[in-house]
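A.B. asks: Just so it is clear, I am handing over work.tsv, which has TSV, N, CA and C atoms.
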chain	number	residue	atom	x	y	z
A	1	MET	N	-66.90	271.92	105.73
A	1	MET	CA	-67.78	272.92	105.16
A	1	MET	C	-67.03	274.21	104.87
A	2	LYS	N	-66.14	274.60	105.80
A	2	LYS	CA	-65.35	275.81	105.59
A	2	LYS	C	-64.49	275.69	104.34
A	3	LYS	N	-63.94	274.49	104.10
A	3	LYS	CA	-63.12	274.28	102.92
A	3	LYS	C	-63.94	274.44	101.65
A	4	LEU	N	-65.16	273.97	101.66
A	4	LEU	CA	-66.03	274.11	100.50
A	4	LEU	C	-66.31	275.58	100.21
A	5	PHE	N	-66.65	276.35	101.23
A	5	PHE	CA	-66.90	277.78	101.03
A	5	PHE	C	-65.65	278.51	100.54
A	6	PHE	N	-64.50	278.15	101.11
A	6	PHE	CA	-63.25	278.75	100.69
A	6	PHE	C	-62.97	278.43	99.22
A	7	PHE	N	-63.18	277.17	98.84
A	7	PHE	CA	-62.98	276.75	97.45
A	7	PHE	C	-63.90	277.52	96.52
A	8	LEU	N	-65.18	277.64	96.87
A	8	LEU	CA	-66.12	278.39	96.05
A	8	LEU	C	-65.74	279.86	95.95
A	9	PHE	N	-65.26	280.43	97.05
A	9	PHE	CA	-64.81	281.82	97.06
A	9	PHE	C	-63.65	281.99	96.09
A	10	LEU	N	-62.66	281.10	96.16
A	10	LEU	CA	-61.51	281.18	95.25
A	10	LEU	C	-61.93	281.00	93.80
A	11	LEU	N	-62.80	280.06	93.55
A	11	LEU	CA	-63.26	279.81	92.19
A	11	LEU	C	-64.00	281.01	91.63
A	12	THR	N	-64.84	281.64	92.43
A	12	THR	CA	-65.57	282.83	92.00
A	12	THR	C	-64.60	283.96	91.69
A	13	ASN	N	-63.62	284.19	92.55
A	13	ASN	CA	-62.66	285.26	92.32
A	13	ASN	C	-61.77	284.98	91.13
A	14	LEU	N	-61.40	283.73	90.92
A	14	LEU	CA	-60.60	283.37	89.76
A	14	LEU	C	-61.38	283.62	88.48
A	15	THR	N	-62.64	283.24	88.45
A	15	THR	CA	-63.48	283.47	87.28
A	15	THR	C	-63.62	284.96	87.01
A	16	PHE	N	-63.84	285.76	88.06
A	16	PHE	CA	-63.96	287.21	87.90
A	16	PHE	C	-62.67	287.79	87.35
A	17	ALA	N	-61.53	287.35	87.88
A	17	ALA	CA	-60.23	287.87	87.43
A	17	ALA	C	-60.01	287.55	85.96
A	18	GLN	N	-60.42	286.36	85.53
A	18	GLN	CA	-60.24	286.00	84.13
A	18	GLN	C	-61.10	286.85	83.21
A	19	THR	N	-62.28	287.25	83.65
A	19	THR	CA	-63.13	288.07	82.79
A	19	THR	C	-62.66	289.51	82.74
A	20	GLN	N	-61.78	289.91	83.65
A	20	GLN	CA	-61.27	291.27	83.70
A	20	GLN	C	-59.86	291.36	83.12
A	21	GLU	N	-59.47	290.42	82.28
A	21	GLU	CA	-58.15	290.40	81.70
A	21	GLU	C	-57.88	291.69	80.93
A	22	ILE	N	-56.69	292.24	81.13
A	22	ILE	CA	-56.30	293.45	80.43
A	22	ILE	C	-55.68	293.05	79.10
A	23	THR	N	-56.29	293.53	78.03
A	23	THR	CA	-55.77	293.29	76.69
A	23	THR	C	-55.73	294.64	75.97
A	24	PRO	N	-54.99	294.73	74.88
A	24	PRO	CA	-55.02	295.97	74.11
A	24	PRO	C	-56.45	296.37	73.72
A	25	GLU	N	-57.27	295.41	73.35
A	25	GLU	CA	-58.64	295.73	72.96
A	25	GLU	C	-59.46	296.26	74.14
A	26	THR	N	-59.31	295.65	75.33
A	26	THR	CA	-60.09	296.15	76.47
A	26	THR	C	-59.65	297.54	76.87
A	27	LEU	N	-58.37	297.86	76.74
A	27	LEU	CA	-57.89	299.21	77.05
A	27	LEU	C	-58.48	300.23	76.07
A	28	ALA	N	-58.45	299.90	74.78
A	28	ALA	CA	-59.02	300.81	73.78
A	28	ALA	C	-60.52	301.00	74.02
A	29	GLN	N	-61.21	299.92	74.38
A	29	GLN	CA	-62.64	300.02	74.61
A	29	GLN	C	-62.96	300.82	75.87
A	30	LYS	N	-62.16	300.65	76.92
A	30	LYS	CA	-62.38	301.41	78.15
A	30	LYS	C	-62.27	302.91	77.91
A	31	GLN	N	-61.26	303.32	77.16
A	31	GLN	CA	-61.11	304.75	76.92
A	31	GLN	C	-62.24	305.25	76.03
A	32	LEU	N	-62.70	304.43	75.09
A	32	LEU	CA	-63.82	304.81	74.24
A	32	LEU	C	-65.09	304.97	75.07
A	33	ASN	N	-65.33	304.05	75.99
A	33	ASN	CA	-66.52	304.15	76.85
A	33	ASN	C	-66.48	305.43	77.67
A	34	GLY	N	-65.31	305.76	78.22
A	34	GLY	CA	-65.16	307.00	78.98
A	34	GLY	C	-65.35	308.23	78.11
A	35	TYR	N	-64.84	308.17	76.90
A	35	TYR	CA	-64.99	309.27	75.93
A	35	TYR	C	-66.46	309.51	75.64
A	36	ASN	N	-67.19	308.44	75.31
A	36	ASN	CA	-68.61	308.59	74.97
A	36	ASN	C	-69.46	309.02	76.16
A	37	ALA	N	-69.04	308.68	77.36
A	37	ALA	CA	-69.75	309.12	78.57
A	37	ALA	C	-69.29	310.51	79.01
A	38	ARG	N	-68.25	311.01	78.34
A	38	ARG	CA	-67.62	312.28	78.70
A	38	ARG	C	-67.22	312.28	80.17
A	39	ASP	N	-66.70	311.14	80.62
A	39	ASP	CA	-66.23	310.93	81.99
A	39	ASP	C	-64.71	310.97	81.95
A	40	ILE	N	-64.13	312.09	82.34
A	40	ILE	CA	-62.70	312.30	82.17
A	40	ILE	C	-61.86	311.26	82.90
A	41	GLU	N	-62.25	310.87	84.11
A	41	GLU	CA	-61.46	309.90	84.86
A	41	GLU	C	-61.53	308.51	84.22
A	42	ALA	N	-62.71	308.09	83.81
A	42	ALA	CA	-62.85	306.79	83.13
A	42	ALA	C	-62.10	306.79	81.81
A	43	PHE	N	-62.16	307.92	81.10
A	43	PHE	CA	-61.45	308.05	79.82
A	43	PHE	C	-59.94	307.92	80.01
A	44	LEU	N	-59.39	308.58	81.02
A	44	LEU	CA	-57.94	308.61	81.21
A	44	LEU	C	-57.37	307.36	81.88
A	45	GLU	N	-58.19	306.60	82.57
A	45	GLU	CA	-57.70	305.45	83.35
A	45	GLU	C	-56.83	304.50	82.55
A	46	PRO	N	-57.16	304.13	81.31
A	46	PRO	CA	-56.33	303.16	80.58
A	46	PRO	C	-55.01	303.72	80.05
A	47	TYR	N	-54.79	305.03	80.16
A	47	TYR	CA	-53.59	305.65	79.61
A	47	TYR	C	-52.44	305.63	80.61
A	48	ALA	N	-51.22	305.52	80.08
A	48	ALA	CA	-50.01	305.64	80.90
A	48	ALA	C	-49.88	307.09	81.36
A	49	ASP	N	-49.27	307.29	82.51
A	49	ASP	CA	-49.09	308.65	83.02
A	49	ASP	C	-48.31	309.52	82.06
A	50	ASP	N	-47.38	308.92	81.32
A	50	ASP	CA	-46.55	309.68	80.38
A	50	ASP	C	-46.96	309.44	78.92
A	51	VAL	N	-48.24	309.21	78.69
A	51	VAL	CA	-48.77	308.95	77.36
A	51	VAL	C	-48.38	310.07	76.39
A	52	GLU	N	-48.20	309.71	75.13
A	52	GLU	CA	-47.89	310.68	74.08
A	52	GLU	C	-48.97	310.60	73.02
A	53	ILE	N	-49.51	311.76	72.63
A	53	ILE	CA	-50.55	311.85	71.62
A	53	ILE	C	-49.97	312.57	70.40
A	54	TYR	N	-50.06	311.92	69.24
A	54	TYR	CA	-49.47	312.45	68.02
A	54	TYR	C	-50.52	312.65	66.93
A	55	THR	N	-50.25	313.61	66.07
A	55	THR	CA	-50.89	313.65	64.77
A	55	THR	C	-49.95	312.86	63.86
A	56	PHE	N	-50.50	311.88	63.16
A	56	PHE	CA	-49.70	310.99	62.33
A	56	PHE	C	-48.94	311.80	61.27
A	57	PRO	N	-47.69	311.55	61.01
A	57	PRO	CA	-46.94	310.43	61.53
A	57	PRO	C	-46.16	310.71	62.82
A	58	ASN	N	-45.76	311.98	63.07
A	58	ASN	CA	-44.88	312.17	64.22
A	58	ASN	C	-44.95	313.56	64.86
A	59	THR	N	-46.08	314.25	64.75
A	59	THR	CA	-46.21	315.57	65.36
A	59	THR	C	-46.81	315.39	66.76
A	60	LEU	N	-46.00	315.63	67.79
A	60	LEU	CA	-46.45	315.48	69.16
A	60	LEU	C	-47.44	316.59	69.50
A	61	ARG	N	-48.65	316.19	69.93
A	61	ARG	CA	-49.70	317.15	70.31
A	61	ARG	C	-49.82	317.31	71.81
A	62	MET	N	-49.67	316.23	72.55
A	62	MET	CA	-49.79	316.25	74.00
A	62	MET	C	-48.88	315.20	74.59
A	63	LYS	N	-48.44	315.47	75.83
A	63	LYS	CA	-47.64	314.48	76.55
A	63	LYS	C	-48.11	314.47	78.00
A	64	GLY	N	-48.50	313.30	78.46
A	64	GLY	CA	-48.89	313.10	79.84
A	64	GLY	C	-50.38	313.24	80.08
A	65	LYS	N	-50.83	312.52	81.11
A	65	LYS	CA	-52.25	312.54	81.47
A	65	LYS	C	-52.72	313.92	81.91
A	66	ASP	N	-51.86	314.68	82.58
A	66	ASP	CA	-52.28	316.00	83.05
A	66	ASP	C	-52.64	316.91	81.88
A	67	GLU	N	-51.83	316.88	80.84
A	67	GLU	CA	-52.12	317.68	79.65
A	67	GLU	C	-53.39	317.18	78.96
A	68	MET	N	-53.54	315.86	78.89
A	68	MET	CA	-54.76	315.29	78.30
A	68	MET	C	-55.99	315.71	79.10
A	69	ARG	N	-55.88	315.66	80.43
A	69	ARG	CA	-57.01	316.01	81.30
A	69	ARG	C	-57.47	317.44	81.01
A	70	LYS	N	-56.55	318.37	80.93
A	70	LYS	CA	-56.90	319.77	80.66
A	70	LYS	C	-57.60	319.91	79.31
A	71	SER	N	-57.05	319.30	78.30
A	71	SER	CA	-57.59	319.43	76.95
A	71	SER	C	-58.95	318.73	76.81
A	72	TYR	N	-59.02	317.47	77.22
A	72	TYR	CA	-60.24	316.70	77.02
A	72	TYR	C	-61.36	317.10	77.97
A	73	ASP	N	-61.03	317.52	79.18
A	73	ASP	CA	-62.08	317.94	80.11
A	73	ASP	C	-62.83	319.14	79.53
A	74	THR	N	-62.11	320.09	78.99
A	74	THR	CA	-62.74	321.25	78.34
A	74	THR	C	-63.56	320.81	77.14
A	75	TYR	N	-63.00	319.92	76.33
A	75	TYR	CA	-63.68	319.40	75.14
A	75	TYR	C	-64.97	318.69	75.53
A	76	PHE	N	-64.92	317.86	76.55
A	76	PHE	CA	-66.12	317.14	77.00
A	76	PHE	C	-67.20	318.11	77.48
A	77	GLN	N	-66.81	319.15	78.18
A	77	GLN	CA	-67.78	320.12	78.69
A	77	GLN	C	-68.43	320.92	77.56
A	78	LYS	N	-67.68	321.17	76.49
A	78	LYS	CA	-68.20	321.98	75.37
A	78	LYS	C	-69.01	321.16	74.37
A	79	THR	N	-68.96	319.84	74.46
A	79	THR	CA	-69.63	318.99	73.47
A	79	THR	C	-70.50	317.95	74.16
A	80	PRO	N	-71.67	318.36	74.65
A	80	PRO	CA	-72.54	317.44	75.41
A	80	PRO	C	-73.09	316.29	74.57
A	81	ASN	N	-73.09	316.41	73.25
A	81	ASN	CA	-73.61	315.34	72.40
A	81	ASN	C	-72.50	314.53	71.73
A	82	LEU	N	-71.29	314.69	72.21
A	82	LEU	CA	-70.13	314.00	71.64
A	82	LEU	C	-70.34	312.49	71.65
A	83	HIS	N	-70.02	311.87	70.52
A	83	HIS	CA	-70.11	310.41	70.43
A	83	HIS	C	-69.14	309.91	69.37
A	84	CYS	N	-68.48	308.82	69.69
A	84	CYS	CA	-67.57	308.17	68.75
A	84	CYS	C	-68.05	306.75	68.51
A	85	GLU	N	-68.25	306.43	67.25
A	85	GLU	CA	-68.65	305.08	66.86
A	85	GLU	C	-67.48	304.42	66.14
A	86	ILE	N	-67.17	303.21	66.54
A	86	ILE	CA	-66.11	302.46	65.87
A	86	ILE	C	-66.68	301.79	64.64
A	87	LYS	N	-66.15	302.15	63.49
A	87	LYS	CA	-66.57	301.54	62.22
A	87	LYS	C	-65.79	300.26	61.92
A	88	ASN	N	-64.55	300.22	62.39
A	88	ASN	CA	-63.72	299.05	62.18
A	88	ASN	C	-62.61	299.05	63.23
A	89	ARG	N	-62.26	297.89	63.73
A	89	ARG	CA	-61.18	297.77	64.72
A	89	ARG	C	-60.27	296.63	64.31
A	90	ILE	N	-58.97	296.91	64.30
A	90	ILE	CA	-57.95	295.90	64.01
A	90	ILE	C	-57.06	295.80	65.24
A	91	ILE	N	-56.82	294.59	65.69
A	91	ILE	CA	-55.91	294.35	66.81
A	91	ILE	C	-54.77	293.51	66.28
A	92	GLN	N	-53.57	294.04	66.40
A	92	GLN	CA	-52.38	293.32	65.97
A	92	GLN	C	-51.34	293.43	67.08
A	93	GLY	N	-51.17	292.36	67.83
A	93	GLY	CA	-50.23	292.39	68.95
A	93	GLY	C	-50.65	293.44	69.96
A	94	ASN	N	-49.76	294.38	70.25
A	94	ASN	CA	-50.03	295.44	71.22
A	94	ASN	C	-50.50	296.73	70.57
A	95	THR	N	-51.00	296.63	69.36
A	95	THR	CA	-51.50	297.79	68.64
A	95	THR	C	-52.97	297.60	68.30
A	96	VAL	N	-53.76	298.65	68.54
A	96	VAL	CA	-55.18	298.66	68.17
A	96	VAL	C	-55.37	299.83	67.21
A	97	ILE	N	-56.03	299.55	66.09
A	97	ILE	CA	-56.32	300.59	65.10
A	97	ILE	C	-57.83	300.69	64.97
A	98	ASP	N	-58.36	301.87	65.28
A	98	ASP	CA	-59.80	302.12	65.21
A	98	ASP	C	-60.12	303.12	64.11
A	99	LYS	N	-61.05	302.74	63.24
A	99	LYS	CA	-61.63	303.68	62.28
A	99	LYS	C	-62.85	304.25	62.98
A	100	GLU	N	-62.86	305.56	63.22
A	100	GLU	CA	-63.87	306.19	64.06
A	100	GLU	C	-64.75	307.16	63.27
A	101	TYR	N	-65.98	307.26	63.72
A	101	TYR	CA	-66.92	308.25	63.19
A	101	TYR	C	-67.39	309.07	64.38
A	102	ILE	N	-67.03	310.37	64.39
A	102	ILE	CA	-67.30	311.24	65.55
A	102	ILE	C	-68.41	312.21	65.20
A	103	THR	N	-69.40	312.28	66.10
A	103	THR	CA	-70.52	313.20	65.95
A	103	THR	C	-70.66	314.03	67.23
A	104	GLY	N	-71.46	315.07	67.12
A	104	GLY	CA	-71.73	315.93	68.27
A	104	GLY	C	-70.80	317.12	68.36
A	105	THR	N	-70.00	317.33	67.32
A	105	THR	CA	-69.02	318.41	67.31
A	105	THR	C	-69.37	319.49	66.28
A	106	GLY	N	-70.56	319.42	65.73
A	106	GLY	CA	-70.94	320.31	64.63
A	106	GLY	C	-71.03	319.49	63.37
A	107	THR	N	-69.92	319.34	62.69
A	107	THR	CA	-69.86	318.53	61.48
A	107	THR	C	-69.26	317.17	61.81
A	108	PRO	N	-70.00	316.08	61.56
A	108	PRO	CA	-69.43	314.74	61.81
A	108	PRO	C	-68.16	314.54	60.98
A	109	PHE	N	-67.24	313.75	61.51
A	109	PHE	CA	-66.01	313.48	60.77
A	109	PHE	C	-65.50	312.09	61.09
A	110	GLU	N	-64.64	311.60	60.22
A	110	GLU	CA	-63.99	310.31	60.41
A	110	GLU	C	-62.54	310.53	60.78
A	111	ALA	N	-62.02	309.64	61.57
A	111	ALA	CA	-60.61	309.66	61.94
A	111	ALA	C	-60.16	308.23	62.18
A	112	THR	N	-58.86	308.05	62.16
A	112	THR	CA	-58.27	306.77	62.51
A	112	THR	C	-57.38	306.99	63.71
A	113	ALA	N	-57.54	306.15	64.72
A	113	ALA	CA	-56.71	306.23	65.92
A	113	ALA	C	-55.90	304.94	66.03
A	114	ILE	N	-54.61	305.10	66.27
A	114	ILE	CA	-53.71	303.96	66.43
A	114	ILE	C	-53.20	304.01	67.87
A	115	TYR	N	-53.56	302.99	68.65
A	115	TYR	CA	-53.19	302.92	70.06
A	115	TYR	C	-52.07	301.91	70.23
A	116	GLN	N	-50.96	302.33	70.83
A	116	GLN	CA	-49.86	301.42	71.13
A	116	GLN	C	-49.84	301.18	72.64
A	117	ILE	N	-49.84	299.92	73.00
A	117	ILE	CA	-49.95	299.51	74.39
A	117	ILE	C	-48.59	299.04	74.91
A	118	GLU	N	-48.22	299.54	76.10
A	118	GLU	CA	-47.02	299.08	76.79
A	118	GLU	C	-47.35	298.94	78.27
A	119	ASN	N	-46.93	297.85	78.88
A	119	ASN	CA	-47.14	297.62	80.31
A	119	ASN	C	-48.61	297.79	80.72
A	120	ASN	N	-49.50	297.25	79.90
A	120	ASN	CA	-50.95	297.26	80.18
A	120	ASN	C	-51.55	298.65	80.27
A	121	LYS	N	-50.97	299.60	79.55
A	121	LYS	CA	-51.51	300.96	79.46
A	121	LYS	C	-51.33	301.46	78.04
A	122	ILE	N	-52.17	302.43	77.66
A	122	ILE	CA	-52.01	303.06	76.35
A	122	ILE	C	-50.86	304.05	76.46
A	123	LYS	N	-49.79	303.78	75.75
A	123	LYS	CA	-48.56	304.58	75.84
A	123	LYS	C	-48.48	305.67	74.78
A	124	ARG	N	-48.91	305.32	73.55
A	124	ARG	CA	-48.88	306.29	72.45
A	124	ARG	C	-50.15	306.17	71.63
A	125	VAL	N	-50.62	307.33	71.12
A	125	VAL	CA	-51.76	307.35	70.23
A	125	VAL	C	-51.38	308.21	69.03
A	126	TYR	N	-51.71	307.71	67.84
A	126	TYR	CA	-51.50	308.46	66.61
A	126	TYR	C	-52.87	308.67	65.97
A	127	PHE	N	-53.21	309.93	65.67
A	127	PHE	CA	-54.44	310.24	64.99
A	127	PHE	C	-54.18	310.58	63.54
A	128	VAL	N	-54.93	309.92	62.65
A	128	VAL	CA	-54.87	310.18	61.21
A	128	VAL	C	-56.21	310.75	60.84
A	129	ARG	N	-56.20	311.92	60.23
A	129	ARG	CA	-57.47	312.54	59.87
A	129	ARG	C	-57.40	313.16	58.50
Show this structure as structure tokens.

C.D. replies:
Amino acid sequence: MKKLFFFLFLLTNLTFAQTQEITPETLAQKQLNGYNARDIEAFLEPYADDVEIYTFPNTLRMKGKDEMRKSYDTYFQKTPNLHCEIKNRIIQGNTVIDKEYITGTGTPFEATAIYQIENNKIKRVYFVR
């Protein structure tokens, strides 16, 4: 009987682990969910500690989670109706490209975000606007 319970326990945990697989898409979605909830910790969790944020093609805007935390925490506090809707998402290897529609900032706007994933974290982001 103990073996049966142990087997069921392992099977349940294996199934749970498979549903929690880290993929470029799940990382992009996790940060989006945190962004829309204006939850700074949930938003930053999928990012690498040394993440780099660029304005496309190569203007560095921020480097590291600490800098992101300062910038986005203030932004989240000032924009209680902030919301980002994904209009289109392309996943190619370790790159996710999101066409976004952002509201709650005064004038709605569109942007494109390109997320590059390394070691199961978002390492670089390029914003095209």

A.B. asks: Could you tell me how far CA of Phe76 (chain A) lies from CA of Tyr47 (chain A), in Å and to one decimal?

C.D. replies: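 The value is 17.2 Å.
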
A.B. asks: Please, which residues of chain A, numbered as in this document, come out helix (DSSP H, G or I) from DSSP, as a short mmCIF file (atom, residue, chain, number, x, y, z; two decimals) with N, CA and C atoms, in the frame of the given file?

C.D. replies:
data_model
loop_
_atom_site.label_atom_id
_atom_site.label_comp_id
_atom_site.auth_asym_id
_atom_site.auth_seq_id
_atom_site.Cartn_x
_atom_site.Cartn_y
_atom_site.Cartn_z
N LYS A 2 -66.14 274.60 105.80
CA LYS A 2 -65.35 275.81 105.59
C LYS A 2 -64.49 275.69 104.34
N LYS A 3 -63.94 274.49 104.10
CA LYS A 3 -63.12 274.28 102.92
C LYS A 3 -63.94 274.44 101.65
N LEU A 4 -65.16 273.97 101.66
CA LEU A 4 -66.03 274.11 100.50
C LEU A 4 -66.31 275.58 100.21
N PHE A 5 -66.65 276.35 101.23
CA PHE A 5 -66.90 277.78 101.03
C PHE A 5 -65.65 278.51 100.54
N PHE A 6 -64.50 278.15 101.11
CA PHE A 6 -63.25 278.75 100.69
C PHE A 6 -62.97 278.43 99.22
N PHE A 7 -63.18 277.17 98.84
CA PHE A 7 -62.98 276.75 97.45
C PHE A 7 -63.90 277.52 96.52
N LEU A 8 -65.18 277.64 96.87
CA LEU A 8 -66.12 278.39 96.05
C LEU A 8 -65.74 279.86 95.95
N PHE A 9 -65.26 280.43 97.05
CA PHE A 9 -64.81 281.82 97.06
C PHE A 9 -63.65 281.99 96.09
N LEU A 10 -62.66 281.10 96.16
CA LEU A 10 -61.51 281.18 95.25
C LEU A 10 -61.93 281.00 93.80
N LEU A 11 -62.80 280.06 93.55
CA LEU A 11 -63.26 279.81 92.19
C LEU A 11 -64.00 281.01 91.63
N THR A 12 -64.84 281.64 92.43
CA THR A 12 -65.57 282.83 92.00
C THR A 12 -64.60 283.96 91.69
N ASN A 13 -63.62 284.19 92.55
CA ASN A 13 -62.66 285.26 92.32
C ASN A 13 -61.77 284.98 91.13
N LEU A 14 -61.40 283.73 90.92
CA LEU A 14 -60.60 283.37 89.76
C LEU A 14 -61.38 283.62 88.48
N THR A 15 -62.64 283.24 88.45
CA THR A 15 -63.48 283.47 87.28
C THR A 15 -63.62 284.96 87.01
N PHE A 16 -63.84 285.76 88.06
CA PHE A 16 -63.96 287.21 87.90
C PHE A 16 -62.67 287.79 87.35
N ALA A 17 -61.53 287.35 87.88
CA ALA A 17 -60.23 287.87 87.43
C ALA A 17 -60.01 287.55 85.96
N GLN A 18 -60.42 286.36 85.53
CA GLN A 18 -60.24 286.00 84.13
C GLN A 18 -61.10 286.85 83.21
N THR A 19 -62.28 287.25 83.65
CA THR A 19 -63.13 288.07 82.79
C THR A 19 -62.66 289.51 82.74
N PRO A 24 -54.99 294.73 74.88
CA PRO A 24 -55.02 295.97 74.11
C PRO A 24 -56.45 296.37 73.72
N GLU A 25 -57.27 295.41 73.35
CA GLU A 25 -58.64 295.73 72.96
C GLU A 25 -59.46 296.26 74.14
N THR A 26 -59.31 295.65 75.33
CA THR A 26 -60.09 296.15 76.47
C THR A 26 -59.65 297.54 76.87
N LEU A 27 -58.37 297.86 76.74
CA LEU A 27 -57.89 299.21 77.05
C LEU A 27 -58.48 300.23 76.07
N ALA A 28 -58.45 299.90 74.78
CA ALA A 28 -59.02 300.81 73.78
C ALA A 28 -60.52 301.00 74.02
N GLN A 29 -61.21 299.92 74.38
CA GLN A 29 -62.64 300.02 74.61
C GLN A 29 -62.96 300.82 75.87
N LYS A 30 -62.16 300.65 76.92
CA LYS A 30 -62.38 301.41 78.15
C LYS A 30 -62.27 302.91 77.91
N GLN A 31 -61.26 303.32 77.16
CA GLN A 31 -61.11 304.75 76.92
C GLN A 31 -62.24 305.25 76.03
N LEU A 32 -62.70 304.43 75.09
CA LEU A 32 -63.82 304.81 74.24
C LEU A 32 -65.09 304.97 75.07
N ASN A 33 -65.33 304.05 75.99
CA ASN A 33 -66.52 304.15 76.85
C ASN A 33 -66.48 305.43 77.67
N GLY A 34 -65.31 305.76 78.22
CA GLY A 34 -65.16 307.00 78.98
C GLY A 34 -65.35 308.23 78.11
N TYR A 35 -64.84 308.17 76.90
CA TYR A 35 -64.99 309.27 75.93
C TYR A 35 -66.46 309.51 75.64
N ASN A 36 -67.19 308.44 75.31
CA ASN A 36 -68.61 308.59 74.97
C ASN A 36 -69.46 309.02 76.16
N ALA A 37 -69.04 308.68 77.36
CA ALA A 37 -69.75 309.12 78.57
C ALA A 37 -69.29 310.51 79.01
N ILE A 40 -64.13 312.09 82.34
CA ILE A 40 -62.70 312.30 82.17
C ILE A 40 -61.86 311.26 82.90
N GLU A 41 -62.25 310.87 84.11
CA GLU A 41 -61.46 309.90 84.86
C GLU A 41 -61.53 308.51 84.22
N ALA A 42 -62.71 308.09 83.81
CA ALA A 42 -62.85 306.79 83.13
C ALA A 42 -62.10 306.79 81.81
N PHE A 43 -62.16 307.92 81.10
CA PHE A 43 -61.45 308.05 79.82
C PHE A 43 -59.94 307.92 80.01
N LEU A 44 -59.39 308.58 81.02
CA LEU A 44 -57.94 308.61 81.21
C LEU A 44 -57.37 307.36 81.88
N LYS A 65 -50.83 312.52 81.11
CA LYS A 65 -52.25 312.54 81.47
C LYS A 65 -52.72 313.92 81.91
N ASP A 66 -51.86 314.68 82.58
CA ASP A 66 -52.28 316.00 83.05
C ASP A 66 -52.64 316.91 81.88
N GLU A 67 -51.83 316.88 80.84
CA GLU A 67 -52.12 317.68 79.65
C GLU A 67 -53.39 317.18 78.96
N MET A 68 -53.54 315.86 78.89
CA MET A 68 -54.76 315.29 78.30
C MET A 68 -55.99 315.71 79.10
N ARG A 69 -55.88 315.66 80.43
CA ARG A 69 -57.01 316.01 81.30
C ARG A 69 -57.47 317.44 81.01
N LYS A 70 -56.55 318.37 80.93
CA LYS A 70 -56.90 319.77 80.66
C LYS A 70 -57.60 319.91 79.31
N SER A 71 -57.05 319.30 78.30
CA SER A 71 -57.59 319.43 76.95
C SER A 71 -58.95 318.73 76.81
N TYR A 72 -59.02 317.47 77.22
CA TYR A 72 -60.24 316.70 77.02
C TYR A 72 -61.36 317.10 77.97
N ASP A 73 -61.03 317.52 79.18
CA ASP A 73 -62.08 317.94 80.11
C ASP A 73 -62.83 319.14 79.53
N THR A 74 -62.11 320.09 78.99
CA THR A 74 -62.74 321.25 78.34
C THR A 74 -63.56 320.81 77.14
N TYR A 75 -63.00 319.92 76.33
CA TYR A 75 -63.68 319.40 75.14
C TYR A 75 -64.97 318.69 75.53
N PHE A 76 -64.92 317.86 76.55
CA PHE A 76 -66.12 317.14 77.00
C PHE A 76 -67.20 318.11 77.48
N GLN A 77 -66.81 319.15 78.18
CA GLN A 77 -67.78 320.12 78.69
C GLN A 77 -68.43 320.92 77.56
N LYS A 78 -67.68 321.17 76.49
CA LYS A 78 -68.20 321.98 75.37
C LYS A 78 -69.01 321.16 74.37
#

A.B. asks: Nearest residue to Lys30 (chain A) out of A:Ile122, A:Tyr75, A:Ala113, A:Gln92, using only C-alpha atoms?

C.D. replies: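 Looking only at the distances to Lys30 (chain A), the closest residue turns out to be A:Ile122.
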
A.B. asks: So, with all atoms listed in the file as the atoms that count, which of A:Pro57, A:Lys65, A:Thr95, A:Gly106 lies closest to Phe127 (chain A)?

C.D. replies: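 So, comparing all the options, the nearest one is A:Pro57.
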
A.B. asks: Fewer than 3 positions away in the same chain doesn't count, so skip those; otherwise give me all residues within 5 Å of region 114-117 of chain A, counting only N, CA and C atoms, as a ChimeraX atom specification.

C.D. replies: /A:94-97,121-126
